[in-house]
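Student: Mind looking over this structure? Questions follow.
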Amino acid sequence: MADQFTTPFYNQLVAEFENAPKGEETNSELLKSREDAFELFKAKGFPTSKDEDWKFTNLTPFLTDTFSLTTGKVDQDQVKNAVNAAVIPGLDAWMLVLLNGEVQFDLSVLPEADQFNVQPLEEVISTEVYKNYITCKEAEGNRMYALNAAFFTNGYFLEVPKNIVVNKPVQIIHLYTAAENMFFQPRHLIIVNENAKAELIEVSVSLGNAQRVLMNSVSQVTVKENANLIQYTIQDNAAEDRLINYNHVTQERSSRYDNFTFNLPGAELIRNNLEIVLNGTATETHLLGLYLVAGHQLTDNHTAIHHRFPHCDSNEIYKGVLLDKGKAVFNGKVFVERPAQKTNAFQQNNNLLLSDKAQVFAKPQLEIFADDVKCSHGCTVGQFDPESLFYLQSRGISEESARKLLVEAFMFDVTQKIENEVVKGYVQSLIYKKMENSLATII
Amino acid sequence: MLSIKNLHANIEGKEILKGINLEVKAGEVHAIMGPNGSGKSSLASVLAGRENYEVTEGEVWLDGKNLLDMKPEVRAREGVFLAFQYPVEIPGVSNINFLRTALSEIRTHRELPQLSAKEFLKMTKEKQALVEFEAKLANRSLNQGFSGGEKKRNEVFQLAMLEPKLSILDETDSGLDIDALRIVSNGINKLRSPDNAFILITHYQRLLEYIVPDFVHVLYNGQIVRSGTKELALELEEKGYDWLKEEFHGSESINKI
């Protein structure tokens with residue numbers, strides 16, 4: 001721990017907060033929340049491998065660099081090109097573009113506000129709407145969350161009005177410029193009101209030239225009564241990117257929330273925390289994840305589902321394919337509290353190791369306090385089944401194609417659940433592109 | 001078509017095949033029988049190229065090409081088909097996608113034009129009808145949810161689709177009820193032609209009532225100890241294998257003297 005306090009980056013952040021001009025914040029509640037969060041971070045520093053939740057994900061090597069907190073000049077052409085490159089081909093969608101956490105209306109393609117309303121978060125944080133989102137009980141003690149809570153200044157606010165089924169998916173593109181090593185801490189708020197339905201697809205792109213980008217973002221999502229939200233996160237990033245996300249979702253009665261998380265080889269560090277709070281009866285939740293880890297990457301998915309009311313169903317499938325010296329962490333917590341009778345909670349985590357040097361640390365965790373529930377979890381770590389491989393080859397299929405078919409088969413449980421065919425095709429093509437080289441070399 | 005000369009093979013250091021000699025000509029059906037553990041399935045595996053077998057001696061030629069030099073997929077493309085004793089279930093690989101990939105790679109190798117999606121579907125339907133395999137294939141994973149009998153029938157259907165020169169059926173009759181056995185046998189009989197050949201590995205003479213072989217071989221202790229015509233199968237049915245075992249061990253001791 002002693003090292004923690006002497007790192008230049010830690011010192012830089014502490015100085016930054018303490019030297020910031022006071023009195024700018026007009027919202028006293030928010031100010032207090034920032035100060036509390038900062039005190040927690042100041043006292044404990046960055047998480048270390050001594051913290052149970054960070055046991056296998058050592059942040060230290062990623063925090064030795066210094067990072068700038070203020071953005072420099074932005075090349076508009078570069079930004080436009082990056083937006084074009086990030087658009088999912090063939091997807092008929094609304095588009096929300098953010099640059100360094102700030103909403104760019106001129107680059108976005110958004111409907112009238114009767115479909116959904118987008119505002120920069122800065123304009124919302126002092127309003128009544130934001131009151132419920134200033135603190136986040138489930139994130140208490142999470143120092144990366146606290147760091148974001150202390151510093152965040154921008155992000156997007158997206159709200160779907162009551163009874164509106166948004167007519168197209170919304171692709172959200174986060175761009176980050178990095179003329180030098182940068183640290184970003186955006187914060188986003190999504191509210192899907194009663195009986196409404198929306199589909200969001202988020203990607204992030206850094207526009208650097210080998211400069212490092214550290215992102216510590218927080219999203220808060222509320223899916224109100226009888227509403228339905230599908231959220232896709234496609235993490236197909238550059239090696240220089242280090243992504244730390246905390247996504248907090250509250251579901252009200254009879255709502256449905258589907259989360260798809262795709263981690264592709266690229267970013268050296270991905271750490272996702274997905275926290276679902278079921279705050280009403282008869283909800284339905286689907287958490288689906290695919291992580292492909294290659295090179296020297298570290299990909300960590302932590303999920304938690306809090307069942308607090310009866311008759312809620314949650315279903316989680318995370319699948320990982322590990323190549324090269326990739327390292328993956330999966331931790332899936334399911335809490336079924338005493339009132340949450342008639343809960344159905346299923347969790348499955350499967351890992352396919354395609355290299356002797358790859359590692360996976362998987363930890364399913366069920367805590368059940370109700371007595372009339374159906375819960376299960378399963379976790380496997382395996383390799384290609386040689387008999388399946390031989391069967392395919394014995395029908396004339398080359399070893400390479402056979403491996404491809406088997407990887408496809410392995411991921412099928414997740415990919416088949418992607419209802420948006422364009423997104424499905426896009427994700428599958430990314431997977432094959434990324435895996436082609438690695439697969440060809442494993443014999 | 002197939003010429004096996006003095007084939008020896010090991011698995012995990014243990015010798016399983018101890019000098020097999022067998023000639024199979026186009027248009028012929030050979031049955032290989034023998035007691036449990038005699039090496040029948042091992043012979044099938046070695047011919048198809050299963051990885052964990054090590055060939056220590058001997059040669060296998062398929063129409064003048066050295067089979068043992070080829071990877072399993074190349075053997076398949078050259079025309080070897082193994083109907084598995086225990087077909088594998090592969091959840092997530094669709095039957096159709098699997099067949100299309102296999103057929104496409106085989107046709108590329110044989111320098112045949114690729115089939116259009118329509119032609120492929122037509123062929124699938126025709127071959128399914130030919131071998132009386134009604135199972136719905138679309139939107140289903142390879143062999144998943146198939147009964148034991150359906151899996152065996154799927155093997156024969158794949159055989160019909162891939163049009164091999166040499167088909168090796170490893171206990172395709174085991175686990176089939178009488179109706180299924182008849183259907184599978186009918187399918188195979190329809191696929192017989194002067195240009196292809198079959199090796200049937202079986203424990204039971206019953207199969208040979210439906211698919212009449214030109215030759216019957218008895219494999220024992222890694223060698224073919226007796227060859228004959230279909231009458232040999234009847235004799236085995238009646239007398240069991242003991243007389244052959246005794247004969248074999250008798251000749252072995254004579255050789256030692």
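Residues in the structure tokens are named by chain (A, B, ... in the order shown) and by number from 1 within that chain; ligands are numbered from 1 in the order shown.
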Which residues of chain A are close to chain B, meaning at most 6 Å apart when you count only C-alpha atoms, and how do they look as a list in words?

Tutor: Gln393, Ser394, Arg395, Gly396, Ile397, Ser398, Ala409 and Phe412 of chain A

Student: If we count only C-alpha atoms and set the cut-off at 9 Å, which residues sit around Ser3 of chain B, ignoring sequence neighbours fewer than 5 positions away in its own chain? Please answer as a ChimeraX atom specification.

Tutor: /B:21-25,59-64

Student: Convert the current residue selection to file output with C-alpha atoms, as an mmCIF file, in the first residue's frame.

Tutor:
```
data_model
loop_
_atom_site.group_PDB
_atom_site.id
_atom_site.type_symbol
_atom_site.label_atom_id
_atom_site.label_comp_id
_atom_site.auth_asym_id
_atom_site.auth_seq_id
_atom_site.Cartn_x
_atom_site.Cartn_y
_atom_site.Cartn_z
ATOM 1 C CA ASN B 21 -3.026 -57.174 -45.612
ATOM 2 C CA LEU B 22 -6.157 -56.300 -47.520
ATOM 3 C CA GLU B 23 -7.055 -55.516 -51.128
ATOM 4 C CA VAL B 24 -10.360 -53.821 -51.873
ATOM 5 C CA LYS B 25 -11.412 -53.304 -55.497
ATOM 6 C CA GLU B 59 1.703 -49.119 -46.436
ATOM 7 C CA VAL B 60 -1.789 -48.054 -47.422
ATOM 8 C CA TRP B 61 -2.494 -46.996 -50.988
ATOM 9 C CA LEU B 62 -5.692 -45.480 -52.319
ATOM 10 C CA ASP B 63 -5.753 -45.526 -56.110
ATOM 11 C CA GLY B 64 -2.000 -45.215 -56.221
#
```

Student: What's around Asn301 of chain A at 6 Å? Count only C-alpha atoms, leave out sequence neighbours fewer than 4 positions away in its own chain, and write the answer as a list in words.

Tutor: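 In the requested form, the answer reads Arg271, Asn272 and Phe330 of chain A.
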
Student: Would you save the residues of that selection, restricted to C-alpha atoms, as an mmCIF file, in the first residue's frame?

Tutor:
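The file below, selection.cif, is the result:
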```
data_model
loop_
_atom_site.group_PDB
_atom_site.id
_atom_site.type_symbol
_atom_site.label_atom_id
_atom_site.label_comp_id
_atom_site.auth_asym_id
_atom_site.auth_seq_id
_atom_site.Cartn_x
_atom_site.Cartn_y
_atom_site.Cartn_z
ATOM 1 C CA ARG A 271 -12.225 -4.034 -16.556
ATOM 2 C CA ASN A 272 -16.005 -3.971 -16.632
ATOM 3 C CA PHE A 330 -14.700 -13.483 -14.723
#
```

Student: Which is closest to Lys18 of chain B among B:Val55, B:Ile199, B:Ala44, B:Ile32, if we use only C-alpha atoms?

Tutor: B:Val55

Student: Measuring between only C-alpha atoms, which one of A:Ile317, A:Val329, A:Leu30, A:Ile88 shows the shortest distance to Ser429 of chain A?

Tutor: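 Using only C-alpha atoms, the shortest distance to Ser429 of chain A belongs to A:Ile88.
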
Student: Which of segment 15-136 of chain B counts as helix (DSSP H, G or I) under DSSP, as a PDB file with N, CA and C atoms, in the first residue's frame please?

Tutor:
```
ATOM      1  N   LYS B  40     -10.601 -54.068 -34.954  1.00  0.00           N
ATOM      2  CA  LYS B  40     -11.466 -53.652 -36.079  1.00  0.00           C
ATOM      3  C   LYS B  40     -11.610 -52.126 -36.148  1.00  0.00           C
ATOM      4  N   SER B  41     -11.998 -51.552 -34.994  1.00  0.00           N
ATOM      5  CA  SER B  41     -12.186 -50.097 -34.983  1.00  0.00           C
ATOM      6  C   SER B  41     -10.858 -49.370 -35.150  1.00  0.00           C
ATOM      7  N   SER B  42      -9.794 -49.984 -34.654  1.00  0.00           N
ATOM      8  CA  SER B  42      -8.469 -49.378 -34.820  1.00  0.00           C
ATOM      9  C   SER B  42      -8.101 -49.295 -36.295  1.00  0.00           C
ATOM     10  N   LEU B  43      -8.426 -50.341 -37.030  1.00  0.00           N
ATOM     11  CA  LEU B  43      -8.132 -50.341 -38.459  1.00  0.00           C
ATOM     12  C   LEU B  43      -8.882 -49.183 -39.135  1.00  0.00           C
ATOM     13  N   ALA B  44     -10.160 -49.033 -38.761  1.00  0.00           N
ATOM     14  CA  ALA B  44     -10.964 -47.936 -39.328  1.00  0.00           C
ATOM     15  C   ALA B  44     -10.330 -46.587 -38.986  1.00  0.00           C
ATOM     16  N   SER B  45      -9.916 -46.440 -37.728  1.00  0.00           N
ATOM     17  CA  SER B  45      -9.336 -45.172 -37.275  1.00  0.00           C
ATOM     18  C   SER B  45      -8.034 -44.863 -38.007  1.00  0.00           C
ATOM     19  N   VAL B  46      -7.203 -45.887 -38.183  1.00  0.00           N
ATOM     20  CA  VAL B  46      -5.922 -45.675 -38.862  1.00  0.00           C
ATOM     21  C   VAL B  46      -6.171 -45.254 -40.315  1.00  0.00           C
ATOM     22  N   LEU B  47      -7.145 -45.888 -40.952  1.00  0.00           N
ATOM     23  CA  LEU B  47      -7.429 -45.543 -42.352  1.00  0.00           C
ATOM     24  C   LEU B  47      -7.941 -44.112 -42.467  1.00  0.00           C
ATOM     25  N   ALA B  48      -8.726 -43.675 -41.468  1.00  0.00           N
ATOM     26  CA  ALA B  48      -9.289 -42.320 -41.541  1.00  0.00           C
ATOM     27  C   ALA B  48      -8.303 -41.267 -41.040  1.00  0.00           C
ATOM     28  N   LEU B  67      -1.900 -43.083 -48.695  1.00  0.00           N
ATOM     29  CA  LEU B  67      -2.905 -42.555 -47.769  1.00  0.00           C
ATOM     30  C   LEU B  67      -2.282 -42.092 -46.460  1.00  0.00           C
ATOM     31  N   LEU B  68      -1.260 -42.806 -46.039  1.00  0.00           N
ATOM     32  CA  LEU B  68      -0.689 -42.521 -44.713  1.00  0.00           C
ATOM     33  C   LEU B  68       0.028 -41.174 -44.656  1.00  0.00           C
ATOM     34  N   ASP B  69       0.346 -40.618 -45.798  1.00  0.00           N
ATOM     35  CA  ASP B  69       0.995 -39.302 -45.836  1.00  0.00           C
ATOM     36  C   ASP B  69      -0.009 -38.155 -45.698  1.00  0.00           C
ATOM     37  N   PRO B  72      -6.147 -36.107 -42.183  1.00  0.00           N
ATOM     38  CA  PRO B  72      -7.500 -36.693 -42.263  1.00  0.00           C
ATOM     39  C   PRO B  72      -8.396 -36.010 -43.293  1.00  0.00           C
ATOM     40  N   GLU B  73      -8.313 -34.652 -43.366  1.00  0.00           N
ATOM     41  CA  GLU B  73      -9.211 -33.959 -44.288  1.00  0.00           C
ATOM     42  C   GLU B  73      -8.857 -34.250 -45.745  1.00  0.00           C
ATOM     43  N   VAL B  74      -7.556 -34.476 -46.009  1.00  0.00           N
ATOM     44  CA  VAL B  74      -7.150 -34.772 -47.381  1.00  0.00           C
ATOM     45  C   VAL B  74      -7.617 -36.179 -47.763  1.00  0.00           C
ATOM     46  N   ARG B  75      -7.533 -37.102 -46.815  1.00  0.00           N
ATOM     47  CA  ARG B  75      -8.044 -38.454 -47.072  1.00  0.00           C
ATOM     48  C   ARG B  75      -9.530 -38.383 -47.438  1.00  0.00           C
ATOM     49  N   ALA B  76     -10.263 -37.564 -46.671  1.00  0.00           N
ATOM     50  CA  ALA B  76     -11.697 -37.443 -46.931  1.00  0.00           C
ATOM     51  C   ALA B  76     -11.933 -36.878 -48.327  1.00  0.00           C
ATOM     52  N   ARG B  77     -11.128 -35.868 -48.687  1.00  0.00           N
ATOM     53  CA  ARG B  77     -11.308 -35.238 -50.002  1.00  0.00           C
ATOM     54  C   ARG B  77     -10.923 -36.200 -51.129  1.00  0.00           C
ATOM     55  N   GLU B  78      -9.942 -37.082 -50.822  1.00  0.00           N
ATOM     56  CA  GLU B  78      -9.531 -38.077 -51.814  1.00  0.00           C
ATOM     57  C   GLU B  78     -10.568 -39.188 -51.940  1.00  0.00           C
ATOM     58  N   ASN B  95     -26.033 -28.416 -38.731  1.00  0.00           N
ATOM     59  CA  ASN B  95     -25.920 -29.517 -39.686  1.00  0.00           C
ATOM     60  C   ASN B  95     -25.665 -29.000 -41.090  1.00  0.00           C
ATOM     61  N   ILE B  96     -26.427 -27.975 -41.448  1.00  0.00           N
ATOM     62  CA  ILE B  96     -26.373 -27.476 -42.815  1.00  0.00           C
ATOM     63  C   ILE B  96     -25.038 -26.778 -43.087  1.00  0.00           C
ATOM     64  N   ASN B  97     -24.631 -25.938 -42.150  1.00  0.00           N
ATOM     65  CA  ASN B  97     -23.372 -25.222 -42.311  1.00  0.00           C
ATOM     66  C   ASN B  97     -22.202 -26.207 -42.393  1.00  0.00           C
ATOM     67  N   PHE B  98     -22.267 -27.229 -41.566  1.00  0.00           N
ATOM     68  CA  PHE B  98     -21.247 -28.276 -41.551  1.00  0.00           C
ATOM     69  C   PHE B  98     -21.176 -28.984 -42.901  1.00  0.00           C
ATOM     70  N   LEU B  99     -22.335 -29.398 -43.391  1.00  0.00           N
ATOM     71  CA  LEU B  99     -22.364 -30.131 -44.664  1.00  0.00           C
ATOM     72  C   LEU B  99     -21.891 -29.259 -45.817  1.00  0.00           C
ATOM     73  N   ARG B 100     -22.318 -27.988 -45.777  1.00  0.00           N
ATOM     74  CA  ARG B 100     -21.956 -27.086 -46.859  1.00  0.00           C
ATOM     75  C   ARG B 100     -20.442 -26.856 -46.871  1.00  0.00           C
ATOM     76  N   THR B 101     -19.861 -26.672 -45.671  1.00  0.00           N
ATOM     77  CA  THR B 101     -18.411 -26.471 -45.575  1.00  0.00           C
ATOM     78  C   THR B 101     -17.668 -27.712 -46.071  1.00  0.00           C
ATOM     79  N   ALA B 102     -18.125 -28.870 -45.621  1.00  0.00           N
ATOM     80  CA  ALA B 102     -17.456 -30.120 -46.005  1.00  0.00           C
ATOM     81  C   ALA B 102     -17.531 -30.312 -47.520  1.00  0.00           C
ATOM     82  N   LEU B 103     -18.743 -30.165 -48.046  1.00  0.00           N
ATOM     83  CA  LEU B 103     -18.939 -30.406 -49.468  1.00  0.00           C
ATOM     84  C   LEU B 103     -18.140 -29.413 -50.308  1.00  0.00           C
ATOM     85  N   SER B 104     -18.098 -28.174 -49.835  1.00  0.00           N
ATOM     86  CA  SER B 104     -17.393 -27.148 -50.584  1.00  0.00           C
ATOM     87  C   SER B 104     -15.887 -27.442 -50.616  1.00  0.00           C
ATOM     88  N   GLU B 105     -15.331 -27.842 -49.470  1.00  0.00           N
ATOM     89  CA  GLU B 105     -13.885 -28.131 -49.462  1.00  0.00           C
ATOM     90  C   GLU B 105     -13.567 -29.379 -50.284  1.00  0.00           C
ATOM     91  N   ILE B 106     -14.482 -30.356 -50.231  1.00  0.00           N
ATOM     92  CA  ILE B 106     -14.268 -31.573 -51.014  1.00  0.00           C
ATOM     93  C   ILE B 106     -14.359 -31.273 -52.512  1.00  0.00           C
ATOM     94  N   ARG B 107     -15.347 -30.485 -52.887  1.00  0.00           N
ATOM     95  CA  ARG B 107     -15.524 -30.177 -54.307  1.00  0.00           C
ATOM     96  C   ARG B 107     -14.363 -29.335 -54.850  1.00  0.00           C
ATOM     97  N   THR B 108     -13.848 -28.444 -54.012  1.00  0.00           N
ATOM     98  CA  THR B 108     -12.675 -27.666 -54.423  1.00  0.00           C
ATOM     99  C   THR B 108     -11.518 -28.615 -54.723  1.00  0.00           C
ATOM    100  N   HIS B 109     -11.311 -29.557 -53.804  1.00  0.00           N
ATOM    101  CA  HIS B 109     -10.212 -30.511 -53.957  1.00  0.00           C
ATOM    102  C   HIS B 109     -10.391 -31.381 -55.202  1.00  0.00           C
ATOM    103  N   ALA B 117     -26.629 -22.272 -53.563  1.00  0.00           N
ATOM    104  CA  ALA B 117     -27.408 -22.584 -52.366  1.00  0.00           C
ATOM    105  C   ALA B 117     -28.613 -23.448 -52.735  1.00  0.00           C
ATOM    106  N   LYS B 118     -29.195 -23.135 -53.895  1.00  0.00           N
ATOM    107  CA  LYS B 118     -30.373 -23.868 -54.337  1.00  0.00           C
ATOM    108  C   LYS B 118     -30.032 -25.326 -54.674  1.00  0.00           C
ATOM    109  N   GLU B 119     -28.943 -25.483 -55.424  1.00  0.00           N
ATOM    110  CA  GLU B 119     -28.518 -26.838 -55.794  1.00  0.00           C
ATOM    111  C   GLU B 119     -28.189 -27.663 -54.557  1.00  0.00           C
ATOM    112  N   PHE B 120     -27.540 -26.973 -53.606  1.00  0.00           N
ATOM    113  CA  PHE B 120     -27.153 -27.656 -52.376  1.00  0.00           C
ATOM    114  C   PHE B 120     -28.387 -28.164 -51.629  1.00  0.00           C
ATOM    115  N   LEU B 121     -29.382 -27.300 -51.518  1.00  0.00           N
ATOM    116  CA  LEU B 121     -30.601 -27.693 -50.800  1.00  0.00           C
ATOM    117  C   LEU B 121     -31.323 -28.836 -51.510  1.00  0.00           C
ATOM    118  N   LYS B 122     -31.315 -28.743 -52.851  1.00  0.00           N
ATOM    119  CA  LYS B 122     -31.956 -29.787 -53.647  1.00  0.00           C
ATOM    120  C   LYS B 122     -31.258 -31.125 -53.398  1.00  0.00           C
ATOM    121  N   MET B 123     -29.939 -31.068 -53.415  1.00  0.00           N
ATOM    122  CA  MET B 123     -29.152 -32.286 -53.198  1.00  0.00           C
ATOM    123  C   MET B 123     -29.432 -32.853 -51.806  1.00  0.00           C
ATOM    124  N   THR B 124     -29.487 -31.941 -50.815  1.00  0.00           N
ATOM    125  CA  THR B 124     -29.759 -32.369 -49.448  1.00  0.00           C
ATOM    126  C   THR B 124     -31.078 -33.123 -49.380  1.00  0.00           C
ATOM    127  N   LYS B 125     -32.088 -32.547 -50.023  1.00  0.00           N
ATOM    128  CA  LYS B 125     -33.414 -33.178 -50.003  1.00  0.00           C
ATOM    129  C   LYS B 125     -33.390 -34.547 -50.668  1.00  0.00           C
ATOM    130  N   GLU B 126     -32.752 -34.596 -51.842  1.00  0.00           N
ATOM    131  CA  GLU B 126     -32.707 -35.858 -52.589  1.00  0.00           C
ATOM    132  C   GLU B 126     -32.011 -36.951 -51.797  1.00  0.00           C
ATOM    133  N   LYS B 127     -30.861 -36.575 -51.210  1.00  0.00           N
ATOM    134  CA  LYS B 127     -30.087 -37.597 -50.500  1.00  0.00           C
ATOM    135  C   LYS B 127     -30.794 -38.025 -49.222  1.00  0.00           C
ATOM    136  N   GLN B 128     -31.469 -37.059 -48.589  1.00  0.00           N
ATOM    137  CA  GLN B 128     -32.243 -37.435 -47.397  1.00  0.00           C
ATOM    138  C   GLN B 128     -33.316 -38.454 -47.761  1.00  0.00           C
ATOM    139  N   ALA B 129     -33.966 -38.205 -48.900  1.00  0.00           N
ATOM    140  CA  ALA B 129     -35.006 -39.122 -49.344  1.00  0.00           C
ATOM    141  C   ALA B 129     -34.398 -40.479 -49.687  1.00  0.00           C
ATOM    142  N   LEU B 130     -33.230 -40.437 -50.338  1.00  0.00           N
ATOM    143  CA  LEU B 130     -32.582 -41.670 -50.780  1.00  0.00           C
ATOM    144  C   LEU B 130     -32.279 -42.591 -49.596  1.00  0.00           C
TER     145      LEU B 130
END
```

Student: Could you pull the residues within 6 Å of Leu7 of chain B, counting only C-alpha atoms, minus those fewer than 4 positions along the same chain, as a ChimeraX atom specification?

Tutor: /B:19-20,57-58

Student: At most 10 Å is the cut-off: for each residue in segment 78-158 of chain A with any atom that close to an atom of segment 192-208 of chain A, write down the nearest atom pair and the distance in Å rounded to one decimal, counting only C-alpha atoms, chain first then increasing number, as a Markdown table.

Tutor:
```
| residue | atom | partner | partner_atom | distance |
| --- | --- | --- | --- | --- |
| A:Gln78 | CA | A:Leu207 | CA | 7.8 |
| A:Val79 | CA | A:Leu207 | CA | 7.8 |
| A:Ala82 | CA | A:Val205 | CA | 7.6 |
| A:Val83 | CA | A:Val205 | CA | 8.8 |
| A:Ala85 | CA | A:Val205 | CA | 9.6 |
| A:Ala86 | CA | A:Val203 | CA | 7.5 |
| A:Val87 | CA | A:Val203 | CA | 9.1 |
| A:Ile88 | CA | A:Ile201 | CA | 9.5 |
| A:Ala93 | CA | A:Leu200 | CA | 9.4 |
| A:Trp94 | CA | A:Leu200 | CA | 9.4 |
| A:Met95 | CA | A:Ile201 | CA | 9.5 |
| A:Leu96 | CA | A:Glu202 | CA | 9.3 |
| A:Val97 | CA | A:Ser204 | CA | 9.8 |
| A:Leu98 | CA | A:Ser204 | CA | 9.3 |
| A:Leu99 | CA | A:Val205 | CA | 9.7 |
| A:Asn100 | CA | A:Ser206 | CA | 9.2 |
| A:Gln115 | CA | A:Ala198 | CA | 9.7 |
| A:Phe116 | CA | A:Val192 | CA | 9.1 |
| A:Leu158 | CA | A:Val192 | CA | 8.3 |
```

Student: Nearest to Ala233 of chain B: which of B:Val156, B:Ile16, B:Leu112, B:Ala31 is it, counting only C-alpha atoms?

Tutor: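 The shortest atom-to-atom distance to Ala233 of chain B comes from B:Ala31.
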
Student: Which of these, A:Phe152, A:Ala358, A:Gly141, A:Leu63, has the shortest distance to Arg242 of chain A once you count only C-alpha atoms?

Tutor: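 Checking each of A:Phe152, A:Ala358, A:Gly141, A:Leu63 against Arg242 of chain A, counting only C-alpha atoms, the winner is A:Leu63.
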
Student: Nearest to Gln85 of chain B: which of B:Asn154, B:Thr229, B:Asn186, B:Gln205 is it, counting only C-alpha atoms?

Tutor: B:Asn154

Student: So that I can check the surroundings of segment 420-428 of chain A, please list as number ranges by chain every protein, DNA and RNA residue that reaches within 12 Å of it, counting only C-alpha atoms and ignoring chain neighbours fewer than 4 positions away.

Tutor: A: 86-93, 168-171, 199-203, 230-236, 260-264, 289-292, 404, 407-409, 411-412, 414-416, 432-436

Student: Please list as a VMD selection string every residue within 9 Å of segment 237-242 of chain B, counting only C-alpha atoms and excluding residues in the same chain fewer than 5 positions away.

Tutor: chain B and resid 34 to 35 204 to 205 218 232 247

Student: For a test of reading the model, state the distance in Å between atom CA of Gly39 of chain B and atom CA of Thr202 of chain B, rounded to one decimal.

Tutor: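 So the answer is 11.9 Å.
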